[in-house]
Each structure stands twice: as structure tokens, then as C-alpha cells.
file entry_0.cif (mmCIF, C-alpha atoms)
data_structure
#
loop_
_atom_site.label_atom_id
_atom_site.label_comp_id
_atom_site.auth_asym_id
_atom_site.auth_seq_id
_atom_site.Cartn_x
_atom_site.Cartn_y
_atom_site.Cartn_z
CA MET A 29 -59.39 -30.65 -48.39
CA LYS A 30 -58.90 -33.34 -45.69
CA LYS A 31 -55.17 -33.23 -46.29
CA LEU A 32 -55.07 -29.45 -45.92
CA PHE A 33 -57.17 -29.68 -42.77
CA SER A 34 -54.78 -32.28 -41.29
CA ILE A 35 -51.77 -30.08 -42.11
CA ALA A 36 -53.47 -27.10 -40.48
CA ILE A 37 -54.14 -29.10 -37.32
CA LEU A 38 -50.54 -30.36 -37.29
CA LEU A 39 -49.15 -26.84 -37.69
CA SER A 40 -51.45 -25.61 -34.94
CA LEU A 41 -50.20 -28.33 -32.60
CA VAL A 42 -46.56 -27.57 -33.46
CA ILE A 43 -47.06 -23.84 -32.90
CA SER A 44 -48.89 -24.56 -29.65
CA GLY A 45 -46.06 -26.82 -28.53
CA ILE A 46 -43.46 -24.19 -29.37
CA GLN A 47 -45.41 -21.54 -27.49
CA CYS A 48 -45.63 -23.79 -24.42
CA SER A 49 -41.89 -24.52 -24.61
CA VAL A 50 -41.05 -20.84 -24.93
CA TYR A 51 -43.28 -19.97 -21.98
CA GLU A 52 -41.75 -22.79 -19.91
CA THR A 53 -38.24 -21.62 -20.79
CA LEU A 54 -38.96 -18.00 -19.92
CA THR A 55 -40.56 -19.09 -16.64
CA ASN A 56 -37.55 -21.19 -15.67
CA VAL A 57 -35.14 -18.37 -16.52
CA SER A 58 -37.17 -15.87 -14.51
CA ARG A 59 -36.95 -18.11 -11.44
CA LEU A 60 -33.14 -17.79 -11.21
CA LYS A 61 -32.07 -15.82 -8.14
CA PHE A 62 -28.88 -13.89 -7.34
CA LYS A 63 -27.32 -12.08 -4.40
CA VAL A 64 -23.99 -10.58 -3.35
CA GLY A 65 -21.88 -13.22 -1.63
CA THR A 66 -18.43 -13.18 -0.06
CA VAL A 67 -15.25 -11.24 -0.83
CA ASN A 68 -12.01 -13.21 -1.19
CA GLY A 69 -8.33 -12.38 -1.58
CA PHE A 70 -8.53 -8.63 -1.06
CA ALA A 71 -5.23 -6.84 -1.64
CA ILE A 72 -4.51 -3.11 -1.73
CA ASN A 73 -1.40 -1.83 -3.49
CA GLY A 74 -0.22 -5.44 -3.64
CA ILE A 75 -0.61 -5.95 0.13
CA SER A 76 -2.95 -8.69 1.34
CA ILE A 77 -5.34 -7.49 4.04
CA THR A 78 -6.55 -10.97 4.97
CA GLY A 79 -6.58 -11.22 8.77
CA LYS A 80 -6.13 -7.47 9.25
CA SER A 81 -8.75 -5.29 10.92
CA LYS A 82 -7.00 -1.94 11.51
CA LEU A 83 -4.04 0.16 10.37
CA ALA A 84 -1.97 -1.00 13.34
CA ASP A 85 -2.04 -4.54 11.88
CA PHE A 86 0.15 -3.48 8.95
CA GLY A 87 3.93 -3.73 9.19
CA ALA A 88 6.19 -0.71 8.75
CA LEU A 89 7.12 -1.58 5.15
CA ASP A 90 3.47 -2.14 4.21
CA LEU A 91 2.48 1.20 5.74
CA LEU A 92 5.27 2.90 3.82
CA LYS A 93 4.02 1.31 0.62
CA LEU A 94 0.45 2.41 1.32
CA THR A 95 1.34 6.01 2.19
CA SER A 96 3.64 6.21 -0.82
CA GLY A 97 0.85 4.98 -3.09
CA PHE A 98 -1.56 7.50 -1.60
CA ALA A 99 0.93 10.32 -2.10
CA GLN A 100 1.33 9.29 -5.73
CA GLY A 101 -2.44 9.21 -6.20
CA SER A 102 -2.90 5.49 -6.73
CA LEU A 103 -4.10 2.70 -4.44
CA PRO A 104 -5.04 -0.22 -6.69
CA ALA A 105 -7.11 -2.97 -5.11
CA SER A 106 -7.91 -6.44 -6.33
CA PHE A 107 -10.32 -9.05 -5.02
CA VAL A 108 -12.84 -11.68 -6.05
CA LEU A 109 -16.47 -10.84 -5.46
CA ASN A 110 -18.57 -13.99 -5.32
CA VAL A 111 -22.14 -13.60 -6.54
CA ASP A 112 -24.39 -16.34 -5.17
CA ALA A 113 -26.73 -17.87 -7.76
CA LYS A 114 -29.61 -20.24 -7.11
CA ASN A 115 -31.47 -22.26 -9.74
CA PRO A 116 -34.66 -23.62 -8.12
CA ASN A 117 -35.69 -25.57 -11.25
CA ASP A 118 -35.04 -28.97 -9.68
CA GLY A 119 -38.07 -30.76 -11.09
CA THR A 120 -40.36 -30.19 -8.11
CA GLY A 121 -43.36 -27.93 -7.67
CA GLY A 122 -44.58 -28.44 -11.21
CA TYR A 123 -41.45 -27.02 -12.84
CA LYS A 124 -39.27 -28.98 -15.23
CA LYS A 125 -35.74 -29.72 -14.03
CA SER A 126 -33.27 -27.64 -16.01
CA ASP A 127 -29.73 -26.36 -15.64
CA ALA A 128 -29.08 -22.72 -16.53
CA THR A 129 -26.01 -21.59 -18.44
CA ILE A 130 -25.14 -17.96 -17.78
CA GLN A 131 -23.63 -16.75 -21.06
CA ASN A 132 -22.94 -13.25 -19.79
CA PHE A 133 -23.37 -11.28 -16.60
CA LYS A 134 -22.93 -7.57 -17.17
CA TRP A 135 -22.41 -5.79 -13.88
CA ARG A 136 -21.92 -2.37 -12.29
CA LEU A 137 -20.17 -2.22 -8.94
CA PHE A 138 -21.13 0.15 -6.13
CA LEU A 139 -18.85 0.44 -3.08
CA ASP A 140 -20.15 2.31 -0.06
CA ASP A 141 -23.04 3.57 -2.25
CA LYS A 142 -20.66 5.01 -4.86
CA GLU A 143 -20.70 3.73 -8.43
CA THR A 144 -17.26 2.55 -9.53
CA ILE A 145 -16.39 0.12 -12.32
CA ALA A 146 -18.34 -2.17 -14.64
CA GLY A 147 -17.57 -5.47 -16.31
CA GLU A 148 -18.82 -8.74 -17.77
CA LEU A 149 -18.46 -12.47 -17.12
CA ASP A 150 -15.13 -13.96 -18.20
CA GLN A 151 -16.71 -17.14 -19.54
CA PRO A 152 -20.07 -18.96 -19.53
CA LEU A 153 -21.02 -20.66 -16.26
CA THR A 154 -23.64 -23.36 -15.63
CA ILE A 155 -25.91 -23.15 -12.58
CA PRO A 156 -27.26 -26.69 -11.89
CA GLY A 157 -30.98 -27.13 -11.35
CA THR A 158 -30.62 -28.37 -7.79
CA GLY A 159 -31.90 -25.46 -5.75
CA GLU A 160 -28.47 -25.19 -4.12
CA VAL A 161 -26.27 -22.10 -4.20
CA SER A 162 -23.58 -21.83 -6.88
CA THR A 163 -20.98 -19.09 -7.18
CA ILE A 164 -20.30 -16.62 -9.99
CA PRO A 165 -16.81 -15.21 -9.29
CA LEU A 166 -16.24 -11.65 -10.46
CA LYS A 167 -12.59 -10.58 -10.62
CA ILE A 168 -12.39 -6.97 -9.47
CA ASN A 169 -9.49 -4.64 -10.18
CA ILE A 170 -10.06 -1.06 -9.10
CA ASP A 171 -7.98 1.96 -8.14
CA LEU A 172 -9.66 3.14 -4.92
CA MET A 173 -8.02 6.58 -5.20
CA LYS A 174 -9.91 7.21 -8.43
CA PHE A 175 -13.25 7.03 -6.65
CA PHE A 176 -12.53 7.80 -2.99
CA LYS A 177 -9.64 10.29 -2.92
CA ASP A 178 -11.91 12.77 -1.13
CA LYS A 179 -12.11 10.36 1.82
CA GLY A 180 -8.45 10.61 2.80
CA TYR A 181 -5.79 7.99 3.40
CA GLU A 182 -7.12 6.34 6.57
CA SER A 183 -10.70 6.26 5.31
CA ILE A 184 -9.68 4.50 2.09
CA VAL A 185 -7.67 1.87 3.94
CA ASN A 186 -10.50 1.41 6.44
CA LEU A 187 -12.94 0.92 3.57
CA ALA A 188 -10.69 -1.78 2.16
CA LEU A 189 -10.53 -3.43 5.60
CA ALA A 190 -14.33 -3.21 5.92
CA LEU A 191 -14.65 -5.07 2.62
CA GLY A 192 -11.93 -7.69 2.80
CA GLY A 193 -10.26 -7.59 6.22
CA ALA A 194 -10.62 -9.87 9.23
CA GLN A 195 -14.10 -8.56 10.05
CA GLY A 196 -14.84 -7.60 6.47
CA SER A 197 -18.23 -8.16 4.88
CA SER A 198 -19.98 -7.43 1.61
CA SER A 199 -22.59 -5.20 3.25
CA LYS A 200 -21.02 -2.12 1.62
CA ILE A 201 -21.28 -3.71 -1.83
CA THR A 202 -24.16 -3.41 -4.29
CA VAL A 203 -24.11 -4.91 -7.76
CA TYR A 204 -26.46 -4.05 -10.61
CA ALA A 205 -26.44 -7.01 -12.98
CA THR A 206 -27.97 -7.98 -16.33
CA PRO A 207 -27.72 -11.76 -16.83
CA THR A 208 -27.89 -13.42 -20.23
CA VAL A 209 -28.99 -17.07 -20.13
CA SER A 210 -28.81 -19.57 -22.99
CA SER A 211 -31.91 -21.48 -24.11
CA PRO A 212 -33.01 -23.75 -26.99
CA PHE A 213 -34.47 -20.61 -28.59
CA GLY A 214 -31.31 -18.51 -28.31
CA ASN A 215 -29.83 -16.37 -25.57
CA ILE A 216 -32.26 -14.60 -23.25
CA THR A 217 -31.12 -11.31 -21.71
CA TYR A 218 -32.98 -9.95 -18.72
CA PRO A 219 -35.03 -6.87 -19.72
CA GLY A 220 -33.57 -4.77 -16.91
CA GLU A 221 -30.89 -4.71 -14.25
CA LEU A 222 -31.19 -6.70 -11.05
CA LYS A 223 -30.13 -4.98 -7.83
CA LEU A 224 -28.01 -7.42 -5.82
CA VAL A 225 -27.19 -6.99 -2.13
CA ASP A 226 -25.88 -9.37 0.50
CA THR A 227 -29.02 -9.66 2.64
CA GLU A 228 -31.42 -11.46 0.27
CA PHE A 229 -31.75 -13.05 -3.14
CA SER A 230 -33.14 -10.97 -6.00
CA LYS A 231 -36.87 -11.40 -6.60
#
call {"tool": "encode", "arguments": {"input": "entry_0.cif", "output": "C-alpha cells"}}
result
Amino acid sequence: MKKLFSIAILLSLVISGIQCSVYETLTNVSRLKFKVGTVNGFAINGISITGKSKLADFGALDLLKLTSGFAQGSLPASFVLNVDAKNPNDGTGGYKKSDATIQNFKWRLFLDDKETIAGELDQPLTIPGTGEVSTIPLKINIDLMKFFKDKGYESIVNLALALGGAQGSSSKITVYATPTVSSPFGNITYPGELKLVDTEFSK
């Protein structure tokens, strides 16, 4: 009887320990924060718009290439959208220090409030438990004509300039993301999408 009682106590302690570890893991994962960061390397129809702020900044050949693409119904754009990630689990404030490995990061991209393309993370990425900002680079390839042909030629180019030109910003970008984070108990996928904007970290 004593032996059975001892085994029962041991099992209870093990289960209790597992429950505490699971709770701690879930808490640490839930404390990760994300926001829309910067846009890099924006090109439209193969033309870099870095340093450009208006149509007049394009050369004659570039303008010809843009108008030709518009006439043919295709203005492909490519850029890197950096999502800022912060892992506050640095060992202070009663939380255990832990790095976070993002196994997947499913996302939906909205440009100027219009839903466009979706994608996933190319490969796992570790966010150190330092409280500092790390970057999750999302490689974006999108044909702007597919989603904004009703805007007209100048409006599409101006949108591209607003996103990745000389005075470009990510204020017209919204990302809905579903992170999946690895843990000792298996991968943990967020139960719902996070809405990411450039003004503040997700809560």
C-alpha cells in the first residue's frame, strides 16, 4: 500500500510539473509581439523605385516599360516586407528566459486596405529572448494590375512609390498573420490571426 501511495504521489508531482511547464510555455509564447516593419528593395516591372518619389523621376525607357506593362495588363512588383518581432522573455519580471523559434508564419497581405496575396515563412527563424527587435523577412511577389487595375496607370505607380519609394512607408500595409512556434511539447499555432500594422506591436 505504501509503495502504491508513493507512486501516486510521484505521478501527481510529475503531472503537476508538466502542467506548470505547459502553462509557462504557453505564457512565454503568448508574450511574443509582432508589427509591420520596413519595406526594402521595391521594384515594379523590373524597375527599382528606390530613391524615386514621383513619375517624373523615371527615365524615358523606364516609363516606356511601365506604360507597356500597363497596356499588356501586367505590372509585377517585388519587395521584401520586414515584420518586426519582439521576444520579451529575457529572464526578467518573473518570466523564464527563452528563445522562440517561429516554425511557420502564415500571412495575408493587404495593400491600401485591399486583400491581395497570401504566403508562409520560407524557413524557421529564431527570435532571441532579449527583448530586442528581430526581423522576419517576407518576400513579396505580386502583380499590382491583378488587384488595382481599376485605379489606373498613375495611381498604381503612385501606390508603388508610396510603399517603396524615397518617401515610402509601410502605413498602407496590413498583415494578418498566424504564427506557429516550436516548444518542448510540439508546435504551438496561434488560435487566431494577429492583425499587424506599422504603428504598434500586436497585443
call {"tool": "resolve_selection", "arguments": {"input": "entry_0.cif", "expression": "the PyMOL selection byres ((chain A and resi 127) around 12)", "output": "PDB file with C-alpha atoms, in the coordinates of the input"}}
result
ATOM      1  CA  THR A  53     -38.240 -21.620 -20.790  1.00  0.00           C
ATOM      2  CA  ASN A  56     -37.550 -21.190 -15.670  1.00  0.00           C
ATOM      3  CA  VAL A  57     -35.140 -18.370 -16.520  1.00  0.00           C
ATOM      4  CA  ARG A  59     -36.950 -18.110 -11.440  1.00  0.00           C
ATOM      5  CA  LEU A  60     -33.140 -17.790 -11.210  1.00  0.00           C
ATOM      6  CA  ALA A 113     -26.730 -17.870  -7.760  1.00  0.00           C
ATOM      7  CA  LYS A 114     -29.610 -20.240  -7.110  1.00  0.00           C
ATOM      8  CA  ASN A 115     -31.470 -22.260  -9.740  1.00  0.00           C
ATOM      9  CA  PRO A 116     -34.660 -23.620  -8.120  1.00  0.00           C
ATOM     10  CA  ASN A 117     -35.690 -25.570 -11.250  1.00  0.00           C
ATOM     11  CA  ASP A 118     -35.040 -28.970  -9.680  1.00  0.00           C
ATOM     12  CA  GLY A 119     -38.070 -30.760 -11.090  1.00  0.00           C
ATOM     13  CA  LYS A 124     -39.270 -28.980 -15.230  1.00  0.00           C
ATOM     14  CA  LYS A 125     -35.740 -29.720 -14.030  1.00  0.00           C
ATOM     15  CA  SER A 126     -33.270 -27.640 -16.010  1.00  0.00           C
ATOM     16  CA  ALA A 128     -29.080 -22.720 -16.530  1.00  0.00           C
ATOM     17  CA  THR A 129     -26.010 -21.590 -18.440  1.00  0.00           C
ATOM     18  CA  ILE A 130     -25.140 -17.960 -17.780  1.00  0.00           C
ATOM     19  CA  LEU A 153     -21.020 -20.660 -16.260  1.00  0.00           C
ATOM     20  CA  THR A 154     -23.640 -23.360 -15.630  1.00  0.00           C
ATOM     21  CA  ILE A 155     -25.910 -23.150 -12.580  1.00  0.00           C
ATOM     22  CA  PRO A 156     -27.260 -26.690 -11.890  1.00  0.00           C
ATOM     23  CA  GLY A 157     -30.980 -27.130 -11.350  1.00  0.00           C
ATOM     24  CA  THR A 158     -30.620 -28.370  -7.790  1.00  0.00           C
ATOM     25  CA  GLY A 159     -31.900 -25.460  -5.750  1.00  0.00           C
ATOM     26  CA  GLU A 160     -28.470 -25.190  -4.120  1.00  0.00           C
ATOM     27  CA  SER A 162     -23.580 -21.830  -6.880  1.00  0.00           C
ATOM     28  CA  VAL A 209     -28.990 -17.070 -20.130  1.00  0.00           C
ATOM     29  CA  SER A 210     -28.810 -19.570 -22.990  1.00  0.00           C
ATOM     30  CA  SER A 211     -31.910 -21.480 -24.110  1.00  0.00           C
TER      31      SER A 211
END
call {"tool": "resolve_selection", "arguments": {"input": "entry_0.cif", "expression": "the PyMOL selection byres ((chain A and resi 173-175) around 7)", "output": "JSON, numbers by chain"}}
result
{"A": [101, 102, 103, 144, 171, 172, 176, 177]}
call {"tool": "residues_around", "arguments": {"input": "entry_0.cif", "residues": "A:Gly147", "least_positions_apart": "5", "cutoff": "8 Å", "atoms": "all atoms listed in the file", "output": "list in words"}}
result
Lys134, Trp135 and Arg136 of chain A
call {"tool": "residues_around", "arguments": {"input": "entry_0.cif", "residues": "A:Ala71", "least_positions_apart": "6", "cutoff": "9 Å", "atoms": "only C-alpha atoms", "output": "list in words"}}
result
Ile77, Thr78, Pro104, Ala105, Ser106, Phe107, Ala188 and Gly192 of chain A
call {"tool": "residues_around", "arguments": {"input": "entry_0.cif", "residues": "A:Lys200", "least_positions_apart": "3", "cutoff": "10 Å", "atoms": "all atoms listed in the file", "output": "MDAnalysis selection string"}}
result
chainID A and resid 138:142 187 190:191 196:197 225:226
call {"tool": "write_last_selection", "arguments": {"input": "entry_0.cif", "atoms": "C-alpha atoms", "output": "short mmCIF file (atom, residue, chain, number, x, y, z; two decimals), keeping the file's coordinate frame"}}
result
data_model
loop_
_atom_site.label_atom_id
_atom_site.label_comp_id
_atom_site.auth_asym_id
_atom_site.auth_seq_id
_atom_site.Cartn_x
_atom_site.Cartn_y
_atom_site.Cartn_z
CA PHE A 138 -21.13 0.15 -6.13
CA LEU A 139 -18.85 0.44 -3.08
CA ASP A 140 -20.15 2.31 -0.06
CA ASP A 141 -23.04 3.57 -2.25
CA LYS A 142 -20.66 5.01 -4.86
CA LEU A 187 -12.94 0.92 3.57
CA ALA A 190 -14.33 -3.21 5.92
CA LEU A 191 -14.65 -5.07 2.62
CA GLY A 196 -14.84 -7.60 6.47
CA SER A 197 -18.23 -8.16 4.88
CA VAL A 225 -27.19 -6.99 -2.13
CA ASP A 226 -25.88 -9.37 0.50
#
